[in-house]
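K.L.:
My structure is in start.cif, and what it holds is mmCIF, C-alpha atoms:
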data_input
#
loop_
_atom_site.label_atom_id
_atom_site.label_comp_id
_atom_site.auth_asym_id
_atom_site.auth_seq_id
_atom_site.Cartn_x
_atom_site.Cartn_y
_atom_site.Cartn_z
CA MET A 57 149.07 129.45 31.24
CA ASN A 58 146.51 129.44 34.08
CA TRP A 59 147.29 130.43 37.66
CA ASP A 60 145.63 129.22 40.84
CA ALA A 61 146.72 132.30 42.83
CA PRO A 62 147.49 135.00 40.21
CA GLY A 63 148.00 137.71 42.83
CA TRP A 64 151.40 136.28 43.69
CA ARG A 65 152.64 137.05 40.17
CA TRP A 66 152.26 140.77 40.77
CA ILE A 67 153.86 140.48 44.21
CA ALA A 68 156.83 138.73 42.57
CA VAL A 69 157.10 141.39 39.84
CA ALA A 70 156.89 144.17 42.42
CA GLY A 71 159.60 142.49 44.53
CA VAL A 72 161.93 142.08 41.55
CA LEU A 73 161.48 145.72 40.48
CA PHE A 74 162.08 146.92 44.02
CA GLY A 75 165.22 144.77 44.32
CA ALA A 76 166.52 146.01 40.96
CA ALA A 77 165.98 149.57 42.08
CA LEU A 78 167.97 148.86 45.25
CA LEU A 79 170.83 147.38 43.22
CA LEU A 80 170.95 150.42 40.95
CA TRP A 81 170.81 152.75 43.93
CA ALA A 82 173.63 150.86 45.69
CA ALA A 83 175.81 150.90 42.55
CA GLN A 84 175.24 154.62 42.09
CA ALA A 85 175.99 155.31 45.78
CA ARG A 86 179.23 153.32 45.52
CA ARG A 87 180.39 155.25 42.47
CA SER A 88 179.57 158.54 44.19
CA ALA A 89 181.62 157.51 47.23
CA MET A 90 184.61 156.58 45.04
CA ARG A 91 184.46 159.96 43.27
CA ARG A 92 184.85 161.71 46.62
CA PHE A 93 188.23 160.01 47.02
CA GLY A 94 189.53 161.28 43.71
CA ASP A 95 189.63 160.33 40.08
CA LEU A 96 187.28 157.42 39.51
CA VAL A 97 189.63 155.55 37.13
CA LEU A 98 192.62 155.96 39.46
CA VAL A 99 190.71 154.94 42.58
CA THR A 100 189.37 151.87 40.79
CA ALA A 101 192.89 150.87 39.71
CA LEU A 102 194.22 151.27 43.27
CA ARG A 103 191.54 149.03 44.80
CA ASP A 104 192.61 145.58 45.99
CA GLY A 105 190.33 143.56 43.70
CA SER A 106 186.94 144.57 42.38
CA PRO A 107 184.13 142.55 43.93
CA ALA A 108 181.45 144.87 42.56
CA GLY A 109 180.84 142.62 39.54
CA TRP A 110 180.45 139.61 41.76
CA ARG A 111 178.07 141.46 44.04
CA LEU A 112 176.01 142.52 41.04
CA ALA A 113 175.89 138.94 39.76
CA ARG A 114 174.83 137.64 43.15
CA GLY A 115 172.19 140.32 43.45
CA LEU A 116 170.79 139.54 40.00
CA MET A 117 170.65 135.84 40.79
CA ALA A 118 168.90 136.56 44.08
CA LEU A 119 166.37 138.74 42.28
CA ALA A 120 165.74 136.04 39.69
CA ALA A 121 165.30 133.46 42.45
CA LEU A 122 162.84 135.78 44.20
CA GLY A 123 160.85 136.26 41.01
CA LEU A 124 160.72 132.52 40.29
CA ALA A 125 159.65 131.79 43.87
CA GLY A 126 156.84 134.32 43.51
CA PHE A 127 155.63 132.70 40.30
CA ALA A 128 155.79 129.31 42.00
CA ALA A 129 153.65 130.70 44.85
CA ALA A 130 151.08 131.71 42.22
CA ARG A 131 150.73 127.96 41.51
CA PRO A 132 150.96 127.79 37.71
CA LEU A 133 148.58 125.30 36.13
CA GLY A 134 149.14 123.25 32.99
CA ARG A 135 146.92 120.86 31.02
CA ALA A 136 143.35 120.41 32.28
CA ARG A 137 141.76 116.99 32.73
CA THR A 138 138.58 115.57 34.26
CA GLU A 139 138.71 112.94 36.96
CA VAL A 140 136.41 111.34 39.50
CA VAL A 141 137.38 112.62 42.92
CA SER A 142 135.11 110.46 45.10
CA ARG A 143 132.38 108.41 43.54
CA ARG A 144 129.74 107.59 46.11
CA GLY A 145 127.63 105.04 44.24
CA ILE A 146 123.94 104.20 44.52
CA ASP A 147 122.18 102.09 47.14
CA ILE A 148 119.11 100.27 45.81
CA VAL A 149 116.54 98.34 47.83
CA VAL A 150 114.26 96.20 45.68
CA CYS A 151 110.83 95.53 47.18
CA LEU A 152 109.34 92.48 45.46
CA ASP A 153 105.68 91.65 45.93
CA VAL A 154 105.37 87.89 46.55
CA SER A 155 101.69 87.84 47.46
CA LYS A 156 99.58 85.05 46.01
CA SER A 157 98.18 87.35 43.32
CA MET A 158 101.72 87.56 41.87
CA LEU A 159 101.34 83.89 40.85
CA ALA A 160 98.95 84.94 38.09
CA ARG A 161 100.07 84.00 34.60
CA ASP A 162 99.03 86.99 32.55
CA VAL A 163 102.80 87.56 32.40
CA ARG A 164 104.69 84.44 31.35
CA PRO A 165 105.65 82.21 33.05
CA SER A 166 104.08 84.12 35.98
CA ARG A 167 104.21 87.63 37.36
CA ILE A 168 106.60 86.72 40.14
CA GLU A 169 108.97 84.59 38.03
CA ARG A 170 109.14 87.18 35.28
CA ALA A 171 109.80 89.92 37.85
CA ARG A 172 112.66 87.91 39.34
CA SER A 173 114.22 87.34 35.93
CA GLU A 174 114.03 91.03 35.07
CA LEU A 175 115.39 92.04 38.45
CA ARG A 176 118.37 89.75 37.91
CA ARG A 177 119.32 91.89 34.90
CA LEU A 178 118.97 95.02 37.00
CA LEU A 179 121.21 93.60 39.74
CA GLN A 180 123.92 92.81 37.19
CA GLU A 181 123.76 96.27 35.60
CA GLU A 182 126.29 98.00 37.88
CA PRO A 183 128.50 95.84 40.15
CA GLY A 184 129.54 98.93 42.15
CA ASP A 185 126.02 99.59 43.45
CA ARG A 186 124.90 98.10 46.74
CA ILE A 187 121.68 96.10 46.66
CA GLY A 188 119.20 95.27 49.39
CA VAL A 189 116.04 93.16 49.05
CA VAL A 190 112.64 93.30 50.74
CA VAL A 191 110.17 90.58 49.80
CA PHE A 192 106.68 91.23 51.07
CA ALA A 193 103.12 90.02 51.22
CA GLY A 194 101.21 90.77 54.45
CA ALA A 195 104.61 90.79 56.22
CA THR A 196 108.19 91.41 55.07
CA MET A 197 111.54 89.63 54.89
CA GLU A 198 114.72 91.67 54.36
CA TYR A 199 118.21 91.15 53.05
CA PRO A 200 120.69 93.94 54.00
CA LEU A 201 122.56 96.15 51.55
CA THR A 202 125.48 94.38 49.92
CA THR A 203 127.72 94.45 46.87
CA ASP A 204 127.33 90.65 46.64
CA HIS A 205 124.52 90.75 44.10
CA ASP A 206 124.48 86.96 43.70
CA SER A 207 123.62 86.50 47.39
CA ALA A 208 120.85 89.10 47.16
CA GLU A 209 119.44 87.34 44.11
CA ARG A 210 119.51 83.92 45.81
CA PHE A 211 117.58 85.34 48.75
CA MET A 212 115.01 86.87 46.41
CA ARG A 213 114.50 83.53 44.60
CA GLN A 214 114.20 81.45 47.77
CA VAL A 215 111.14 83.24 49.15
CA GLU A 216 107.77 82.06 47.79
CA PRO A 217 104.21 83.25 48.45
CA TRP A 218 103.54 80.23 50.67
CA SER A 219 106.58 81.19 52.80
CA PHE A 220 104.49 83.86 54.55
CA PRO A 221 102.11 82.84 57.32
CA VAL A 222 100.32 86.19 56.91
CA GLY A 223 98.52 86.69 53.62
CA GLY A 224 97.63 89.92 51.88
CA THR A 225 99.79 92.70 50.47
CA SER A 226 101.27 95.68 52.30
CA ILE A 227 103.24 98.04 50.05
CA GLY A 228 103.52 100.64 52.80
CA ARG A 229 105.10 98.12 55.17
CA ALA A 230 107.60 97.13 52.47
CA ILE A 231 108.65 100.75 51.87
CA THR A 232 109.08 101.28 55.62
CA ALA A 233 111.21 98.12 55.86
CA ALA A 234 113.41 99.36 52.99
CA GLN A 235 113.78 102.72 54.72
CA GLU A 236 114.92 100.94 57.88
CA LEU A 237 117.57 99.06 55.89
CA PHE A 238 119.02 102.41 54.85
CA ARG A 239 118.84 103.83 58.36
CA ARG A 240 120.68 100.86 59.87
CA ASP A 241 123.54 101.15 57.37
CA PRO A 242 125.99 104.00 58.18
CA LEU A 243 127.41 104.03 54.64
CA ALA A 244 124.00 104.87 53.17
CA THR A 245 124.11 108.41 54.54
CA ARG A 246 126.76 109.34 51.96
CA ARG A 247 125.19 107.62 48.94
CA SER A 248 122.20 108.11 46.65
CA LYS A 249 119.29 105.96 47.85
CA VAL A 250 116.53 104.36 45.76
CA ILE A 251 113.61 102.06 46.55
CA ILE A 252 112.12 100.07 43.66
CA VAL A 253 108.73 98.46 44.31
CA LEU A 254 107.51 95.74 41.93
CA THR A 255 103.89 94.93 42.66
CA ASP A 256 100.56 94.11 41.08
CA GLY A 257 99.04 96.91 43.15
CA GLU A 258 96.64 95.01 45.38
CA ASP A 259 97.50 96.85 48.58
CA LEU A 260 94.95 95.52 51.03
CA GLU A 261 96.31 97.28 54.11
CA GLY A 262 98.50 100.15 55.26
CA ASP A 263 99.16 103.60 53.83
CA PRO A 264 101.87 103.41 51.12
CA VAL A 265 101.62 107.12 50.33
CA SER A 266 102.57 108.11 53.89
CA ALA A 267 105.38 105.52 53.89
CA ALA A 268 106.79 106.94 50.65
CA ARG A 269 106.55 110.48 52.00
CA ALA A 270 108.52 109.44 55.10
CA ALA A 271 111.17 107.83 52.89
CA ALA A 272 111.48 111.02 50.84
CA GLN A 273 112.27 112.92 54.04
CA ASP A 274 115.36 110.68 54.32
CA ASN A 275 116.37 111.61 50.73
CA ILE A 276 115.16 108.26 49.38
CA GLN A 277 113.48 108.11 45.98
CA VAL A 278 110.65 105.63 45.55
CA PHE A 279 109.99 104.12 42.11
CA ILE A 280 106.91 102.00 41.48
CA ASP A 281 106.73 99.37 38.73
CA ALA A 282 103.16 98.11 38.38
CA ILE A 283 102.55 94.62 36.98
CA GLY A 284 99.36 92.93 35.91
CA SER A 285 96.49 92.91 33.48
CA THR A 286 93.37 95.04 33.64
CA LEU A 287 91.36 91.89 32.84
CA PRO A 288 90.46 89.35 35.54
CA GLU A 289 93.17 86.70 35.83
CA PRO A 290 92.76 83.50 37.88
CA ILE A 291 95.22 82.97 40.72
CA PRO A 292 96.92 79.55 40.72
CA GLN A 293 97.09 77.56 43.92
CA PHE A 294 100.25 75.70 44.94
CA SER A 295 101.10 73.14 47.55
CA PRO A 296 103.81 73.90 50.15
CA GLU A 297 106.16 71.86 47.94
CA GLY A 298 105.52 74.22 45.01
CA ARG A 299 103.22 72.02 42.90
CA MET A 300 100.25 73.66 41.25
CA THR A 301 97.04 72.10 42.55
CA GLY A 302 94.48 74.22 40.72
CA PHE A 303 93.16 77.74 41.26
CA MET A 304 92.35 79.59 44.42
CA ARG A 305 88.64 79.89 45.28
CA ASN A 306 86.72 82.30 47.47
CA SER A 307 84.26 81.46 50.20
CA ARG A 308 81.51 80.93 47.62
CA GLY A 309 83.60 78.39 45.73
CA GLU A 310 84.27 80.74 42.82
CA ILE A 311 87.76 81.00 41.27
CA SER A 312 89.61 83.97 42.73
CA THR A 313 90.91 86.47 40.20
CA THR A 314 93.19 89.45 40.20
CA GLN A 315 93.11 92.48 37.98
CA PHE A 316 94.75 95.89 37.87
CA THR A 317 92.16 98.60 38.48
CA PRO A 318 92.21 102.40 38.00
CA GLU A 319 91.99 102.77 41.79
CA MET A 320 95.18 100.74 42.18
CA GLU A 321 96.95 102.82 39.57
CA GLN A 322 95.90 106.03 41.26
CA GLN A 323 97.24 104.82 44.60
CA LEU A 324 100.56 103.64 43.14
CA ARG A 325 101.03 106.85 41.19
CA ALA A 326 100.40 108.90 44.33
CA THR A 327 102.90 106.73 46.21
CA ALA A 328 105.63 107.38 43.64
CA GLU A 329 104.91 111.11 43.65
CA ALA A 330 105.06 111.23 47.46
CA GLY A 331 108.41 109.41 47.29
CA HIS A 332 109.84 111.92 44.78
CA GLY A 333 110.23 109.09 42.29
CA ARG A 334 108.35 107.88 39.23
CA TYR A 335 105.54 105.50 38.47
CA PHE A 336 105.86 102.95 35.65
CA ARG A 337 103.09 100.85 34.19
CA ALA A 338 104.15 97.70 32.37
CA ARG A 339 102.61 96.94 29.01
CA GLN A 340 100.43 93.89 28.59
CA GLY A 341 102.45 90.71 29.13
CA GLU A 342 105.54 92.58 30.41
CA VAL A 343 107.08 93.58 33.71
CA GLY A 344 108.31 97.07 32.78
CA ILE A 345 111.70 96.83 34.43
CA GLU A 346 113.35 98.36 31.36
CA ALA A 347 111.90 101.77 32.20
CA VAL A 348 113.19 101.41 35.76
CA ARG A 349 116.64 100.44 34.48
CA ARG A 350 116.79 103.55 32.29
CA GLU A 351 115.83 105.73 35.25
CA ILE A 352 118.51 104.15 37.44
CA ALA A 353 121.06 104.64 34.63
CA ASN A 354 120.16 108.35 34.57
CA LEU A 355 120.71 108.51 38.32
CA ARG A 356 124.11 106.88 37.91
CA ARG A 357 125.13 109.41 35.27
CA ALA A 358 123.95 112.30 37.46
CA GLU A 359 125.77 110.87 40.47
CA LEU A 360 128.95 110.39 38.45
CA ALA A 361 128.79 113.93 37.05
CA ALA A 362 128.38 115.29 40.58
CA THR A 363 131.63 113.61 41.65
CA GLN A 364 133.71 114.77 38.70
CA GLN A 365 135.85 117.86 38.65
CA THR A 366 138.33 119.50 36.34
CA VAL A 367 141.90 119.38 37.62
CA PHE A 368 145.07 120.89 36.21
CA ASP A 369 148.63 119.63 36.13
CA THR A 370 150.77 121.72 38.46
CA LEU A 371 153.88 123.39 37.06
CA MET A 372 155.35 124.65 40.34
CA SER A 373 158.47 122.53 39.95
CA TRP A 374 159.36 124.43 36.77
CA PHE A 375 159.83 127.52 38.94
CA VAL A 376 160.86 126.11 42.33
CA LEU A 377 163.87 124.14 41.07
CA PRO A 378 165.50 127.01 39.10
CA SER A 379 164.88 129.34 42.04
CA PHE A 380 166.64 126.95 44.41
CA LEU A 381 169.60 126.47 42.04
CA LEU A 382 170.04 130.22 41.62
CA LEU A 383 170.14 130.69 45.39
CA VAL A 384 172.76 127.93 45.69
CA PHE A 385 174.95 129.45 42.98
CA ALA A 386 174.63 132.91 44.51
CA SER A 387 175.74 131.63 47.91
CA LEU A 388 178.78 129.84 46.40
CA PHE A 389 180.13 132.88 44.54
CA VAL A 390 183.31 134.20 46.28
CA PRO A 391 184.18 137.86 45.73
CA GLU A 392 187.30 138.43 43.63
CA ARG A 393 188.90 140.57 46.36
CA ILE A 394 188.95 137.62 48.76
CA VAL A 395 190.50 135.42 46.08
CA ARG A 396 193.26 137.97 45.45
CA ARG A 397 194.00 138.28 49.16
CA LEU A 398 194.33 134.53 49.46
CA ARG A 399 196.69 134.46 46.48
CA SER A 400 198.80 137.32 48.00
CA ARG A 401 199.13 135.53 51.32
CA ALA A 402 200.14 132.31 49.55
CA ALA A 403 202.80 134.20 47.54
CA ALA A 404 204.17 135.93 50.68
CA ALA A 405 204.42 132.63 52.49
CA GLY A 406 206.34 131.16 49.59
CA GLY A 407 208.80 134.13 49.45
CA SER A 408 209.62 133.91 53.17
CA LYS A 409 210.77 130.37 52.71
#
What does this structure look like when you write it as structure tokens?
P.N.:
Amino acid sequence: MNWDAPGWRWIAVAGVLFGAALLLWAAQARRSAMRRFGDLVLVTALRDGSPAGWRLARGLMALAALGLAGFAAARPLGRARTEVVSRRGIDIVVCLDVSKSMLARDVRPSRIERARSELRRLLQEEPGDRIGVVVFAGATMEYPLTTDHDSAERFMRQVEPWSFPVGGTSIGRAITAAQELFRRDPLATRRSKVIIVLTDGEDLEGDPVSAARAAAQDNIQVFIDAIGSTLPEPIPQFSPEGRMTGFMRNSRGEISTTQFTPEMEQQLRATAEAGHGRYFRARQGEVGIEAVRREIANLRRAELAATQQTVFDTLMSWFVLPSFLLLVFASLFVPERIVRRLRSRAAAAGGSK
């Protein structure tokens, strides 16, 4: 048996031994006093009742109650079990690049549509997590943290590259916007915080490394999932209604292309390192969200383990209840001498009649 406060056991044992010694001393002192009156057998026979046995019984019950109370104070522990005391959960802000280069079709059906489909699986992975969304090109649009994953997904699907009046791509601005979502939410201070950036890496403005470093100072991890081919890929052009009208062309009339370069990879890798996260590079024709999902699953397991503790069943009642009953019985015991006196008075009253 385990004990939460084992010191009380020895206090209880010491108290019981001391009480037993007092009882023995009192019994010996009483016998010595009776011997001074005369023969011990004769004096005992002349006494009006003999409550000594009752007193001894009451003393023993009081000692037993004291010992049991001491063991109860030591808080005995029974079977051990593991339980979650206060799971905090994870807050995730997904930053989705919706710049025009994400319309490229080196990933089928396109980079942006494939990214949305993969993100949908991520959002459905753990209903208990809160999800926020930042869609970005040259500017950003945000959806606050929520457990309503369907609403977050609808927002993510409604925004298209032609929804932004400002072109370009700003990964740093997206990370800063995600950080502000966390700062504005008071619940986020008590939860694990993650930013996931899905982008093809063409950051034409801003400083994403500094933005990720600032996020890390708020205990936010930044994960980067890079999408796109290392070969030039033409960028489709769409009308405001969403119909493909051909391919984008530069000022010289040439078809605009996008490709993932070593310089982009170096910048994205540095951004993830500054954000105390990880950088993932999708294989050809894929988005790479599976690697992100595994990393988030590891974070969930670590967060769950941090909120688990081993608890024991308490066995205090096994000691408190017997202690209480012994005290009650001890208080109800009536010395035999009093009983005999009551009987004598009742007999005398009956004889006088």
K.L.:
Ranking A:Ile283, A:Ala326, A:Leu237, A:Met320 by minimum distance to Arg170 of chain A and counting all atoms listed in the file, which one comes first?
P.N.:
A:Ile283
K.L.:
Between atom CA of Ile227 of chain A and atom CA of Glu198 of chain A, measure the distance and give it in Å to one decimal.
P.N.:
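According to the coordinates, atom CA of Ile227 of chain A and atom CA of Glu198 of chain A are separated by 13.8 Å.
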K.L.:
If I wrap all listed atoms of segment 234-240 of chain A in a box with edges along x, y and z and add 3 Å on each side, what are its centre and edge lengths in Å to one decimal, as lines of an AutoDock Vina configuration file?
P.N.:
center_x = 117.0
center_y = 101.4
center_z = 56.4
size_x = 13.3
size_y = 10.8
size_z = 12.9
K.L.:
Suppose you want the space between atom CA of Tyr335 of chain A and atom CA of Phe279 of chain A; what is it in Å?
P.N.:
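So the answer is 5.9 Å.
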K.L.:
Go ahead and find all residues with at least one atom no further than 9 Å from (124.5, 91.5, 45.1) in the file's coordinates, using only C-alpha atoms; report them as a short mmCIF file (atom, residue, chain, number, x, y, z; two decimals) with C-alpha atoms, keeping the file's coordinate frame.
P.N.:
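What landed in result-v9.cif:
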data_model
loop_
_atom_site.label_atom_id
_atom_site.label_comp_id
_atom_site.auth_asym_id
_atom_site.auth_seq_id
_atom_site.Cartn_x
_atom_site.Cartn_y
_atom_site.Cartn_z
CA LEU A 179 121.21 93.60 39.74
CA GLN A 180 123.92 92.81 37.19
CA PRO A 183 128.50 95.84 40.15
CA ASP A 185 126.02 99.59 43.45
CA ARG A 186 124.90 98.10 46.74
CA ILE A 187 121.68 96.10 46.66
CA GLY A 188 119.20 95.27 49.39
CA LEU A 201 122.56 96.15 51.55
CA THR A 202 125.48 94.38 49.92
CA THR A 203 127.72 94.45 46.87
CA ASP A 204 127.33 90.65 46.64
CA HIS A 205 124.52 90.75 44.10
CA ASP A 206 124.48 86.96 43.70
CA SER A 207 123.62 86.50 47.39
CA ALA A 208 120.85 89.10 47.16
CA GLU A 209 119.44 87.34 44.11
#
K.L.:
If I take atom CA of Arg269 of chain A and atom CA of Gly224 of chain A, how far is one from the other in Å, to one decimal?
P.N.:
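Interatomic distance, atom CA of Arg269 of chain A to atom CA of Gly224 of chain A: 22.4 Å.
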K.L.:
Any idea what's packed within 8 Å of segment 306-315 of chain A, counting only C-alpha atoms, ignoring anything in its chain fewer than 3 positions away? Could you give it as a list in words?
P.N.:
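Close residues of segment 306-315 of chain A: Ser157, Ala160, Gly284, Ser285, Thr286, Leu287, Pro288, Glu289, Pro290, Ile291 and Phe303 of chain A.
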K.L.:
Applied to the shown file, which residues does the PyMOL selection byres ((chain A and resi 220) around 12) return, written as a list in words?
P.N.:
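Written out, the selection comes to Asp153, Val154, Ser155, Lys156, Val191, Phe192, Ala193, Gly194, Ala195, Thr196, Met197, Val215, Glu216, Pro217, Trp218, Ser219, Pro221, Val222, Gly223, Gly224, Thr225 and Pro296 of chain A.
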K.L.:
Applied to this file, what does the PyMOL selection byres ((chain A and resi 262) around 12) return in terms of residues, put as an mmCIF file with C-alpha atoms, in the coordinates of the input?
P.N.:
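After the write, part17.cif holds the following:
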data_model
loop_
_atom_site.group_PDB
_atom_site.id
_atom_site.type_symbol
_atom_site.label_atom_id
_atom_site.label_comp_id
_atom_site.auth_asym_id
_atom_site.auth_seq_id
_atom_site.Cartn_x
_atom_site.Cartn_y
_atom_site.Cartn_z
ATOM 1 C CA ALA A 193 103.120 90.020 51.220
ATOM 2 C CA GLY A 194 101.210 90.770 54.450
ATOM 3 C CA ALA A 195 104.610 90.790 56.220
ATOM 4 C CA GLY A 224 97.630 89.920 51.880
ATOM 5 C CA THR A 225 99.790 92.700 50.470
ATOM 6 C CA SER A 226 101.270 95.680 52.300
ATOM 7 C CA ILE A 227 103.240 98.040 50.050
ATOM 8 C CA GLY A 228 103.520 100.640 52.800
ATOM 9 C CA ARG A 229 105.100 98.120 55.170
ATOM 10 C CA ALA A 230 107.600 97.130 52.470
ATOM 11 C CA ILE A 231 108.650 100.750 51.870
ATOM 12 C CA THR A 232 109.080 101.280 55.620
ATOM 13 C CA GLU A 258 96.640 95.010 45.380
ATOM 14 C CA ASP A 259 97.500 96.850 48.580
ATOM 15 C CA LEU A 260 94.950 95.520 51.030
ATOM 16 C CA GLU A 261 96.310 97.280 54.110
ATOM 17 C CA ASP A 263 99.160 103.600 53.830
ATOM 18 C CA PRO A 264 101.870 103.410 51.120
ATOM 19 C CA VAL A 265 101.620 107.120 50.330
ATOM 20 C CA SER A 266 102.570 108.110 53.890
ATOM 21 C CA ALA A 267 105.380 105.520 53.890
ATOM 22 C CA ALA A 268 106.790 106.940 50.650
ATOM 23 C CA GLN A 323 97.240 104.820 44.600
#
K.L.:
May I ask which of the residues A:Met117, A:Ser173, A:Val250, A:Val163 is the closest one to Asp147 of chain A, counting all atoms listed in the file?
P.N.:
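Ranking A:Met117, A:Ser173, A:Val250, A:Val163 by distance to Asp147 of chain A, first place goes to A:Val250.
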K.L.:
Counting only C-alpha atoms, figure out which residue out of A:Ala271, A:Glu174, A:Pro318, A:Thr301 gets nearest to Ala347 of chain A.
P.N.:
A:Glu174
K.L.:
Can you work out which one of A:Glu321, A:His332, A:Glu297, A:Pro292 has the shortest atom-to-atom distance to Gln273 of chain A, counting all atoms listed in the file?
P.N.:
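Of all the options, A:His332 lies closest to Gln273 of chain A.
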K.L.:
If the PyMOL selection byres ((chain A and resi 274-277) around 12) were run on this exact file, what residues would it hold? Put them as a PyMOL selection string.
P.N.:
chain A and resi 146-150+231-232+234-239+244-253+267-273+278-280+327-335+351-352+355
